[in-house]
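Note sheet for the following structure.
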Amino acid sequence: MSDTEFRIALLGNFTTELAGNVLRDECVKAGLEPSIYNAPFRQYHQEVIDKNSGFYSFQPDLTILMFDIGILCPECFEFPASEDINGNWRETRLDALCDSVKTLVLTIIANLKTKIIINNFQVPYHTPSGILDNRSAMGLKRMINVLNMRLEDFAAATDYAYVFDYNGFCSYMGHDGLEDGKLRYLVNCTLSYPALRQLGREYMRYILPLTSLNRKCLVLDLDRTLWGGIAAEDGISGIRLDISGPGRSYYDFQKELLNLHRKGVLLAVNSKNNPEDALEILQNHPHMLLRKEYFSSIKTNWRDKASNMLDIAAELNIGVDSLVFFDDNPVEREIVKKLLPQVEVIDVPADPAKYCYALKNVPFFETLQLTAEDEKRNSMLEQDRIRIQSKETFKNLEEYLASLETAVTVMPADDFNMPRISQLTLKTNQFNMTTKRYQVSDIKTLLGAGGCEAYCCSVSDKFGDSGITGCCIVRSEDGAARIDTFLLSCRVLGRNVEYSFLAAVLKRLRDRGVGRITAEYRPTAKNRANADFYKKAGFIIVRSDDSATLYELREGMPVLEFDYIRVIPGKGEEMHG
Amino acid sequence: MDSEFVGFVADILKIDPSGLKAESTAAEVPEWDSLNHWVIIGKLEEKYGIEFTMDEAIDFTNLGDIYGLIMKKKQG
């Protein structure tokens, strides 16, 4: 028997042949020589009980149990008789269903050394009781959810059985993608052909690690892959990588890569770049999640990428067939595919917004358990991580807001945040006092002319960081200051951070000896809800007409602040003292 | 029937395209069993971006029928 041979038996209560067919294709694609056994239609029970059955003589390496709950338990899909309306009968039915699956698995294992995948059960969206389903003690959905949880507990306690989240798969495919009436009614197959194909791919998440064909290392390009733009042309401050805005897609992609790294997948870089340009970004870009030390091998040079792949494999002492390649450039992908067919090359979508999805969709990095090494790494990470759970209930809004541990970080404008500041002025409508729109070049001109300063803020709380979500532009003249622009993204409103941000800026001005500070509110169709902001903050009205209200804050006048919001000076700030 | 269509079906059945004619029926082609019939239907739906109804799928008499219906659906 060759070591690529792999035997799969399908036991189901519907026609499994089509599923077997697509699974065979997927196995062949992965380099296996599959044999598939389909238990005769609806005879899985007899097959498992009879030790001389075709199933046992087939000697599968993997057995997949696929049961359609509607066929297994048709009475559950009928409107309950009045005496059964509370659903208590379902408790009994649930126990019986769970036991029957367990018995089946235990009988197989007593007679055969095989791994077993148990498809969990699809929770239907439509139920006979409709919206009343979740008001009875044991509705249909609850029944199947509980059943699924029990199956997970059962399987997790074994080293041979795994639950495949078939229910999750059904939601992922969506009703229209899942069903094909023809196949259901003519062939007794409950899944459509495209759904079957996808199902085959999902099973590979188990089959690859079972056959040690899962991959060890993900090799990544840099430009237009880990960040937007080109390092050599755009430089560290010009590339697109941010915790908000379009640069966020690259940040999120890096987050997914970080998850893989934590799971034990090696990361490597294979990029056509000047090493110093790439390293500058890897080490110093404020939003780079994957620093140099996360990569087990870094190849930034102008050689062909296939040669780099060979070097990476040699350096990490793994086979070329353990590598997966992710590169936005289709030409590079094609070269690697041609020259090194052992490398899995991911079909990277043209749109960087879809990178995360493309990465999550590949089955190459699954493991059946974490190794001791993985666990050690994770326990270290765990110490750094703060667990967030907000279970308390709150008596009033203030108490709730205080519990959020909100912090406002105020930073002066710099090359990194200037594009975001400009974007905020261009896009913010609701909480925007003057609605003045500024391009990046406008802000540069303003700041360059002197007598003008710009700040931005990011808001964090115990749930995370909003990124840069507010900005303030101040012009000074003869010891007085005028607030030219003050705005906050609506994402962070409703928590009084606008007052803290303003107070922080005002304090900075007053510390510098500025006495009189003026501010302006210009009404638009969209910002009226915040017309009284400056008044609430402590300013007085100087004059007002249809087009604008002018406010003033004189020396010594108190400013509204909230002691539960922490104000943190940003990085650039400390330098000023 | 165009050669792309015939080649596609022959590929599923793992036979030579010359073995398929417009008059070919499942009964005449040994590889065209009931399982492969549904694989053909599924893959053709995917390839041509069409959907056969249940009635259509049971009324096919020969390969030319299937091809004709696909062309009609593509135009419609």
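We name chains A, B, ... following the order of the structure tokens; residues begin at 1 in each chain, and ligands are numbered from 1 as shown.
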
### Task
Hey, list the chain A side of the contact with chain B: 12 Å cut-off, only C-alpha atoms, answer as a PyMOL selection string.
chain A and resi 15-22+25+177+180-189+191-197

### Task
Please report, as a PyMOL selection string, each residue of chain B to which DSSP assigns helix (DSSP H, G or I) when run on this structure's backbone.
chain B and resi 3-13+17-19+34-48+54-59+63-75

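Residues in contact with B:Ile70 at 8 Å, where only C-alpha atoms are counted and same-chain residues fewer than 4 positions away are skipped, are listed as Tyr48, Ile50, Ile66 and Lys74 of chain B.
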
### Message
Between atom CA of A:His126 and atom CA of A:Thr190, what is the distance in Å, rounded to a tenth?
### Response
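Separating atom CA of A:His126 from atom CA of A:Thr190 is a distance of 16.2 Å.
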
### Message
What's the separation between atom CA of A:Gly31 and atom CA of A:Thr4, in Å to one decimal place?
### Response
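So the two atoms, atom CA of A:Gly31 and atom CA of A:Thr4, lie 7.2 Å apart.
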
### Message
Taking the DSSP secondary structure from the backbone, can you list the residues of stretch 2-44 of chain A that are strand (DSSP E or B), as an MDAnalysis selection string?
### Response
chainID A and resid 5:12 33:38

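With only C-alpha atoms taken into account, the protein and nucleic acid residues at most 7 Å from stretch 259-269 of chain A (excluding it and anything under 5 positions from it in its own chain) are Lys216, Cys217, Leu218, Val219, Leu220, Asp221, Tyr294, Phe295, Ser296, Ser297, Ile298, Lys299, Asp374 and Asn378 of chain A.
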
### Query
Using only C-alpha atoms, which residues sit within 12 Å of stretch 109-113 of chain A once same-chain residues fewer than 5 positions away are excluded, as a list in words?
Glu47, Val48, Ile49, Asp50, Lys51, Asn52, Ser53, Phe55, Tyr56, Ser57, Phe58, Gln59, Pro60, Asp61, Leu62, Thr63, Lys102, Thr103, Leu104, Thr158, Asp159, Tyr160 and Ala161 of chain A

### Query
Which one of B:Lys14, B:Asp2, B:Leu63, B:Phe8 sits closest to B:Ala26 if you count only C-alpha atoms?
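When distances to B:Ala26 are compared using only C-alpha atoms, the smallest one comes from B:Leu63.
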
### Task
Quick one: everything within 12 Å of A:Trp302, counting only C-alpha atoms, minus sequence neighbours fewer than 2 positions away in the same chain. Send it as a list in words.
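Once the nearby chain positions are removed, what remains is Asn270, Ser271, Lys272, Asn273, Asn274, Pro275, Lys299, Thr300, Asp304, Lys305, Ala306, Ser307 and Asn308 of chain A.
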
Could you take the residues named above and write them with N, CA and C atoms, as a PDB file, in the first residue's frame?
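Okay, this is what ended up in part17.pdb:
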```
ATOM      1  N   ASN A 270       8.786  36.673   0.621  1.00  0.00           N
ATOM      2  CA  ASN A 270       9.449  36.500  -0.674  1.00  0.00           C
ATOM      3  C   ASN A 270       9.015  37.677  -1.533  1.00  0.00           C
ATOM      4  N   SER A 271       9.863  38.709  -1.603  1.00  0.00           N
ATOM      5  CA  SER A 271       9.427  39.960  -2.214  1.00  0.00           C
ATOM      6  C   SER A 271      10.535  40.599  -3.027  1.00  0.00           C
ATOM      7  N   LYS A 272      10.131  41.172  -4.158  1.00  0.00           N
ATOM      8  CA  LYS A 272      11.099  41.933  -4.946  1.00  0.00           C
ATOM      9  C   LYS A 272      11.155  43.335  -4.374  1.00  0.00           C
ATOM     10  N   ASN A 273      12.180  43.604  -3.593  1.00  0.00           N
ATOM     11  CA  ASN A 273      12.282  44.874  -2.891  1.00  0.00           C
ATOM     12  C   ASN A 273      13.726  45.124  -2.500  1.00  0.00           C
ATOM     13  N   ASN A 274      14.040  46.392  -2.231  1.00  0.00           N
ATOM     14  CA  ASN A 274      15.325  46.666  -1.602  1.00  0.00           C
ATOM     15  C   ASN A 274      15.183  46.293  -0.134  1.00  0.00           C
ATOM     16  N   PRO A 275      16.104  45.493   0.401  1.00  0.00           N
ATOM     17  CA  PRO A 275      15.961  45.027   1.780  1.00  0.00           C
ATOM     18  C   PRO A 275      15.748  46.176   2.751  1.00  0.00           C
ATOM     19  N   LYS A 299      13.163  36.978   2.441  1.00  0.00           N
ATOM     20  CA  LYS A 299      13.915  37.120   1.188  1.00  0.00           C
ATOM     21  C   LYS A 299      13.413  38.365   0.470  1.00  0.00           C
ATOM     22  N   THR A 300      14.141  39.470   0.605  1.00  0.00           N
ATOM     23  CA  THR A 300      13.809  40.673  -0.154  1.00  0.00           C
ATOM     24  C   THR A 300      14.989  40.935  -1.072  1.00  0.00           C
ATOM     25  N   ASP A 304      14.498  35.701  -8.997  1.00  0.00           N
ATOM     26  CA  ASP A 304      13.176  35.168  -9.317  1.00  0.00           C
ATOM     27  C   ASP A 304      12.613  34.497  -8.069  1.00  0.00           C
ATOM     28  N   LYS A 305      11.288  34.530  -7.951  1.00  0.00           N
ATOM     29  CA  LYS A 305      10.666  34.099  -6.698  1.00  0.00           C
ATOM     30  C   LYS A 305      10.744  32.596  -6.478  1.00  0.00           C
ATOM     31  N   ALA A 306      10.845  31.824  -7.573  1.00  0.00           N
ATOM     32  CA  ALA A 306      10.947  30.376  -7.415  1.00  0.00           C
ATOM     33  C   ALA A 306      12.252  30.012  -6.702  1.00  0.00           C
ATOM     34  N   SER A 307      13.354  30.673  -7.090  1.00  0.00           N
ATOM     35  CA  SER A 307      14.629  30.407  -6.418  1.00  0.00           C
ATOM     36  C   SER A 307      14.535  30.771  -4.940  1.00  0.00           C
ATOM     37  N   ASN A 308      13.888  31.895  -4.659  1.00  0.00           N
ATOM     38  CA  ASN A 308      13.702  32.279  -3.258  1.00  0.00           C
ATOM     39  C   ASN A 308      12.918  31.224  -2.487  1.00  0.00           C
TER      40      ASN A 308
END
```

### Task
Tell me which of B:Gly76, B:Ser18, B:Glu28, B:Asp11 sits closest to B:Thr61, counting only C-alpha atoms.
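Using only C-alpha atoms, the shortest distance to B:Thr61 belongs to B:Glu28.
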
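Comparing A:Arg522, A:Ala529, A:Ile318, A:Ala537 by their smallest distance to A:Leu502, the closest is A:Ala537 (using only C-alpha atoms).
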
### Task
Name the residues in contact with A:Leu11 at a cut-off of 10 Å, using only C-alpha atoms, excluding same-chain residues fewer than 3 positions from it; report them as JSON, numbers by chain.
{"A": [8, 14, 15, 16, 37, 38, 39, 40, 41, 42, 43, 44, 45, 47, 48, 55, 63, 64, 65, 66, 67, 118]}

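Atom to atom, atom CA of A:Glu453 and atom CA of A:Asp546 stand 28.2 Å apart.
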